[in-house]
file entry.cif (mmCIF, C-alpha atoms)
data_final
loop_
_atom_site.group_PDB
_atom_site.id
_atom_site.type_symbol
_atom_site.label_atom_id
_atom_site.label_comp_id
_atom_site.auth_asym_id
_atom_site.auth_seq_id
_atom_site.Cartn_x
_atom_site.Cartn_y
_atom_site.Cartn_z
ATOM 1 C CA MET A 1441 16.910 -68.058 -34.255
ATOM 2 C CA ASN A 1442 15.126 -69.923 -37.046
ATOM 3 C CA GLU A 1443 14.037 -67.654 -39.904
ATOM 4 C CA THR A 1444 10.762 -69.503 -40.422
ATOM 5 C CA MET A 1445 8.181 -69.218 -37.715
ATOM 6 C CA GLN A 1446 6.268 -72.394 -36.867
ATOM 7 C CA LEU A 1447 2.571 -71.583 -36.774
ATOM 8 C CA PRO A 1448 0.459 -73.486 -34.241
ATOM 9 C CA LEU A 1449 -1.289 -76.387 -35.941
ATOM 10 C CA LEU A 1450 -3.964 -76.501 -33.235
ATOM 11 C CA ARG A 1451 -6.105 -73.561 -32.267
ATOM 12 C CA GLU A 1452 -8.866 -73.505 -29.718
ATOM 13 C CA ARG A 1453 -11.146 -70.908 -28.246
ATOM 14 C CA PHE A 1454 -14.008 -70.778 -25.780
ATOM 15 C CA PHE A 1455 -17.161 -68.943 -26.854
ATOM 16 C CA ARG A 1456 -19.895 -67.725 -24.546
ATOM 17 C CA ARG A 1457 -23.554 -68.518 -25.138
ATOM 18 C CA GLU A 1458 -24.226 -65.461 -27.286
ATOM 19 C CA ARG A 1459 -25.583 -65.163 -30.794
ATOM 20 C CA ARG A 1460 -22.585 -63.117 -31.913
ATOM 21 C CA SER A 1461 -20.287 -66.021 -31.014
ATOM 22 C CA VAL A 1462 -21.238 -67.809 -34.254
ATOM 23 C CA ARG A 1463 -19.776 -64.988 -36.346
ATOM 24 C CA ALA A 1464 -16.706 -64.879 -34.095
ATOM 25 C CA ALA A 1465 -16.265 -68.668 -34.507
ATOM 26 C CA ARG A 1466 -16.381 -68.340 -38.305
ATOM 27 C CA GLU A 1467 -13.765 -65.555 -38.249
ATOM 28 C CA PHE A 1468 -11.557 -67.522 -35.842
ATOM 29 C CA VAL A 1469 -11.522 -70.565 -38.148
ATOM 30 C CA ARG A 1470 -11.152 -68.541 -41.357
ATOM 31 C CA ASP A 1471 -8.071 -66.817 -39.870
ATOM 32 C CA ALA A 1472 -6.537 -70.166 -38.866
ATOM 33 C CA LEU A 1473 -7.139 -71.651 -42.328
ATOM 34 C CA ALA A 1474 -5.589 -68.599 -44.004
ATOM 35 C CA ASP A 1475 -2.521 -68.801 -41.734
ATOM 36 C CA TRP A 1476 -2.104 -72.475 -42.643
ATOM 37 C CA GLY A 1477 -2.608 -71.895 -46.385
ATOM 38 C CA PHE A 1478 -5.555 -74.287 -46.476
ATOM 39 C CA GLY A 1479 -7.231 -74.296 -49.904
ATOM 40 C CA GLU A 1480 -9.646 -71.424 -50.420
ATOM 41 C CA ALA A 1481 -12.242 -73.609 -52.143
ATOM 42 C CA ARG A 1482 -12.561 -75.926 -49.136
ATOM 43 C CA ALA A 1483 -12.160 -73.090 -46.631
ATOM 44 C CA ASP A 1484 -15.682 -71.889 -47.435
ATOM 45 C CA ASP A 1485 -17.026 -75.401 -46.734
ATOM 46 C CA VAL A 1486 -15.168 -75.557 -43.418
ATOM 47 C CA VAL A 1487 -16.413 -72.133 -42.335
ATOM 48 C CA LEU A 1488 -20.011 -72.957 -43.259
ATOM 49 C CA CYS A 1489 -19.839 -76.172 -41.232
ATOM 50 C CA VAL A 1490 -18.357 -74.267 -38.277
ATOM 51 C CA SER A 1491 -21.312 -71.889 -38.494
ATOM 52 C CA GLU A 1492 -23.788 -74.775 -38.418
ATOM 53 C CA LEU A 1493 -22.056 -76.625 -35.561
ATOM 54 C CA ALA A 1494 -21.704 -73.454 -33.473
ATOM 55 C CA THR A 1495 -25.371 -72.604 -34.047
ATOM 56 C CA ASN A 1496 -26.407 -76.125 -33.042
ATOM 57 C CA ALA A 1497 -24.307 -75.860 -29.882
ATOM 58 C CA LEU A 1498 -26.011 -72.573 -28.960
ATOM 59 C CA VAL A 1499 -29.530 -73.766 -29.705
ATOM 60 C CA HIS A 1500 -29.334 -77.358 -28.461
ATOM 61 C CA GLY A 1501 -26.181 -77.925 -26.433
ATOM 62 C CA VAL A 1502 -25.246 -74.974 -24.268
ATOM 63 C CA PRO A 1503 -27.288 -74.330 -21.116
ATOM 64 C CA PRO A 1504 -27.704 -70.717 -19.966
ATOM 65 C CA GLY A 1505 -24.561 -69.325 -18.370
ATOM 66 C CA ARG A 1506 -22.279 -71.773 -20.178
ATOM 67 C CA GLY A 1507 -20.462 -71.801 -23.509
ATOM 68 C CA TYR A 1508 -18.799 -74.050 -26.063
ATOM 69 C CA ARG A 1509 -15.204 -74.792 -27.014
ATOM 70 C CA LEU A 1510 -14.150 -74.759 -30.663
ATOM 71 C CA MET A 1511 -10.991 -76.573 -31.719
ATOM 72 C CA VAL A 1512 -9.509 -76.617 -35.205
ATOM 73 C CA TRP A 1513 -6.276 -78.190 -36.323
ATOM 74 C CA LEU A 1514 -4.319 -79.005 -39.414
ATOM 75 C CA ARG A 1515 -3.429 -82.675 -39.465
ATOM 76 C CA ASP A 1516 -1.171 -84.732 -41.686
ATOM 77 C CA ALA A 1517 -1.619 -84.437 -45.436
ATOM 78 C CA GLY A 1518 -3.467 -81.122 -45.218
ATOM 79 C CA GLN A 1519 -6.530 -82.490 -43.434
ATOM 80 C CA VAL A 1520 -8.471 -80.068 -41.206
ATOM 81 C CA ARG A 1521 -10.481 -81.257 -38.225
ATOM 82 C CA VAL A 1522 -13.048 -79.104 -36.423
ATOM 83 C CA GLU A 1523 -14.553 -79.989 -33.047
ATOM 84 C CA VAL A 1524 -17.303 -78.214 -31.123
ATOM 85 C CA HIS A 1525 -17.490 -79.241 -27.458
ATOM 86 C CA ASP A 1526 -20.651 -78.452 -25.485
ATOM 87 C CA SER A 1527 -22.183 -79.613 -22.221
ATOM 88 C CA GLY A 1528 -25.641 -80.486 -23.521
ATOM 89 C CA ASP A 1529 -27.342 -83.849 -23.678
ATOM 90 C CA GLY A 1530 -28.423 -85.661 -26.779
ATOM 91 C CA ASN A 1531 -26.996 -87.476 -29.733
ATOM 92 C CA PRO A 1532 -27.264 -85.228 -32.798
ATOM 93 C CA GLY A 1533 -27.973 -86.761 -36.153
ATOM 94 C CA VAL A 1534 -29.147 -85.914 -39.634
ATOM 95 C CA ARG A 1535 -32.921 -85.625 -39.753
ATOM 96 C CA GLU A 1536 -35.584 -84.341 -42.070
ATOM 97 C CA PRO A 1537 -35.659 -80.511 -41.890
ATOM 98 C CA ASP A 1538 -38.632 -79.190 -39.943
ATOM 99 C CA GLY A 1539 -39.774 -75.748 -41.085
ATOM 100 C CA GLU A 1540 -36.877 -73.391 -40.397
ATOM 101 C CA SER A 1541 -34.740 -75.815 -38.410
ATOM 102 C CA GLY A 1542 -33.022 -79.145 -38.881
ATOM 103 C CA ARG A 1543 -30.709 -78.261 -41.777
ATOM 104 C CA GLY A 1544 -27.417 -77.860 -39.862
ATOM 105 C CA LEU A 1545 -26.228 -81.447 -39.880
ATOM 106 C CA VAL A 1546 -27.674 -82.011 -43.351
ATOM 107 C CA ILE A 1547 -25.257 -79.302 -44.537
ATOM 108 C CA VAL A 1548 -22.341 -80.725 -42.527
ATOM 109 C CA ASP A 1549 -23.066 -84.203 -43.896
ATOM 110 C CA ALA A 1550 -23.061 -82.860 -47.465
ATOM 111 C CA LEU A 1551 -19.877 -80.767 -47.202
ATOM 112 C CA ALA A 1552 -17.537 -82.564 -44.787
ATOM 113 C CA ASP A 1553 -15.568 -85.650 -45.783
ATOM 114 C CA GLN A 1554 -16.432 -87.180 -42.405
ATOM 115 C CA TRP A 1555 -18.297 -86.115 -39.298
ATOM 116 C CA GLY A 1556 -19.490 -87.632 -36.079
ATOM 117 C CA VAL A 1557 -20.371 -87.250 -32.427
ATOM 118 C CA GLY A 1558 -18.201 -88.211 -29.479
ATOM 119 C CA GLU A 1559 -18.746 -88.301 -25.748
ATOM 120 C CA ARG A 1560 -17.393 -85.964 -23.115
ATOM 121 C CA SER A 1561 -18.387 -85.437 -19.531
ATOM 122 C CA PRO A 1562 -20.612 -83.537 -19.389
ATOM 123 C CA GLY A 1563 -21.942 -83.278 -22.900
ATOM 124 C CA LYS A 1564 -20.654 -84.170 -26.345
ATOM 125 C CA VAL A 1565 -18.235 -83.317 -29.130
ATOM 126 C CA VAL A 1566 -19.493 -82.868 -32.673
ATOM 127 C CA TRP A 1567 -16.646 -83.000 -35.183
ATOM 128 C CA CYS A 1568 -16.058 -82.853 -38.916
ATOM 129 C CA GLU A 1569 -13.023 -83.327 -41.165
ATOM 130 C CA PHE A 1570 -11.974 -81.967 -44.542
ATOM 131 C CA ARG A 1571 -9.221 -83.063 -46.935
#
call {"tool": "encode", "arguments": {"input": "entry.cif", "output": "C-alpha cells"}}
result
Amino acid sequence: MNETMQLPLLRERFFRRERRSVRAAREFVRDALADWGFGEARADDVVLCVSELATNALVHGVPPGRGYRLMVWLRDAGQVRVEVHDSGDGNPGVREPDGESGRGLVIVDALADQWGVGERSPGKVVWCEFR
C-alpha cells in the first residue's frame, strides 16, 4: 500500500435551507483548504466568499423545502474553485448596496480572482476562483 494518502481534490456537500448551513459551509470549505495546504492568507478570502454565496443562495435562490449544493476543488497550479448550485431563478450581479443588503457579490468581486454565473436546470451556479 502507498505510504502517502491521496486526498480528494473535489469535495461537495448538500446543505438544507437553514440559517446554520452558512456556518457549516464555511467550516466545510475551511477544512478542505487546510487538508490541501492552500495558503492561509487566501483561505480567509475563500471562506468569506463562501459565506456570501451561501447566504445569497438561502435568501434569493433556494425555495422552501429545498437546499443548495456546495462544491470546492483544488485545480492545477493551486487554484481553488467554489461553486454554489441552487434552484432559484435570476441572474445575480454586482449592484449598488441597498441598506443592509446587496454587498455579497460586491465582496466576491473584490476578493475572488474570477467569478461568474452559469446555468443549470432548474436554477443556476454561482462560482468563484482563487489562485
call {"tool": "resolve_selection", "arguments": {"input": "entry.cif", "expression": "the PyMOL selection byres ((chain A and resi 1512) around 6)", "output": "list in words"}}
result
Leu1450, Arg1451, Met1511, Trp1513, Arg1521 and Val1522 of chain A
call {"tool": "write_last_selection", "arguments": {"input": "entry.cif", "atoms": "C-alpha atoms", "output": "compact mmCIF listing (two decimals), keeping the file's coordinate frame"}}
result
# COMPACT_ATOMS: atom_id res chain seq x y z
CA LEU A 1450 -3.96 -76.50 -33.24
CA ARG A 1451 -6.10 -73.56 -32.27
CA MET A 1511 -10.99 -76.57 -31.72
CA TRP A 1513 -6.28 -78.19 -36.32
CA ARG A 1521 -10.48 -81.26 -38.22
CA VAL A 1522 -13.05 -79.10 -36.42
call {"tool": "atom_distance", "arguments": {"input": "entry.cif", "atom1": "CA of Lys1564 (chain A)", "atom2": "CA of Ala1483 (chain A)"}}
result
24.6 Å
call {"tool": "resolve_selection", "arguments": {"input": "entry.cif", "expression": "the PyMOL selection byres ((chain A and resi 1448) around 12)", "output": "ChimeraX atom specification"}}
result
/A:1445-1447,1449-1452,1472-1473,1475-1476,1512-1515
call {"tool": "write_last_selection", "arguments": {"input": "entry.cif", "atoms": "C-alpha atoms", "output": "PDB file, in the coordinates of the input"}}
result
ATOM      1  CA  MET A1445       8.181 -69.218 -37.715  1.00  0.00           C
ATOM      2  CA  GLN A1446       6.268 -72.394 -36.867  1.00  0.00           C
ATOM      3  CA  LEU A1447       2.571 -71.583 -36.774  1.00  0.00           C
ATOM      4  CA  LEU A1449      -1.289 -76.387 -35.941  1.00  0.00           C
ATOM      5  CA  LEU A1450      -3.964 -76.501 -33.235  1.00  0.00           C
ATOM      6  CA  ARG A1451      -6.105 -73.561 -32.267  1.00  0.00           C
ATOM      7  CA  GLU A1452      -8.866 -73.505 -29.718  1.00  0.00           C
ATOM      8  CA  ALA A1472      -6.537 -70.166 -38.866  1.00  0.00           C
ATOM      9  CA  LEU A1473      -7.139 -71.651 -42.328  1.00  0.00           C
ATOM     10  CA  ASP A1475      -2.521 -68.801 -41.734  1.00  0.00           C
ATOM     11  CA  TRP A1476      -2.104 -72.475 -42.643  1.00  0.00           C
ATOM     12  CA  VAL A1512      -9.509 -76.617 -35.205  1.00  0.00           C
ATOM     13  CA  TRP A1513      -6.276 -78.190 -36.323  1.00  0.00           C
ATOM     14  CA  LEU A1514      -4.319 -79.005 -39.414  1.00  0.00           C
ATOM     15  CA  ARG A1515      -3.429 -82.675 -39.465  1.00  0.00           C
TER      16      ARG A1515
END
call {"tool": "closest_atom_pairs", "arguments": {"input": "entry.cif", "of": "region 1449-1498 of chain A", "to": "region 1565-1570 of chain A", "cutoff": "9 Å", "atoms": "all atoms listed in the file", "output": "CSV"}}
result
residue,atom,partner,partner_atom,distance
A:Arg1482,CA,A:Phe1570,CA,7.6
A:Asp1485,CA,A:Phe1570,CA,8.6
A:Val1486,CA,A:Phe1570,CA,7.2
A:Cys1489,CA,A:Cys1568,CA,8.0
A:Val1490,CA,A:Cys1568,CA,8.9
A:Leu1493,CA,A:Val1566,CA,7.3
A:Ala1497,CA,A:Val1566,CA,8.9
call {"tool": "resolve_selection", "arguments": {"input": "entry.cif", "expression": "the PyMOL selection byres ((chain A and resi 1530) around 9)", "output": "ChimeraX atom specification"}}
result
/A:1500-1501,1528-1529,1531-1532,1563-1564
call {"tool": "residues_around", "arguments": {"input": "entry.cif", "residues": "Pro1503 (chain A)", "least_positions_apart": "6", "cutoff": "9 Å", "atoms": "only C-alpha atoms", "output": "PDB file with C-alpha atoms, keeping the file's coordinate frame"}}
result
ATOM      1  CA  ARG A1457     -23.554 -68.518 -25.138  1.00  0.00           C
ATOM      2  CA  ASP A1526     -20.651 -78.452 -25.485  1.00  0.00           C
ATOM      3  CA  SER A1527     -22.183 -79.613 -22.221  1.00  0.00           C
ATOM      4  CA  GLY A1528     -25.641 -80.486 -23.521  1.00  0.00           C
TER       5      GLY A1528
END
call {"tool": "axis_aligned_box", "arguments": {"input": "entry.cif", "around": "region 1472-1484 of chain A", "padding_each_side": "4 Å", "output": "lines of an AutoDock Vina configuration file"}}
result
center_x = -8.9
center_y = -72.3
center_z = -45.5
size_x = 21.6
size_y = 15.3
size_z = 21.3
call {"tool": "atom_distance", "arguments": {"input": "entry.cif", "atom1": "CA of Arg1466 (chain A)", "atom2": "CA of Ala1494 (chain A)"}}
result
8.8 Å
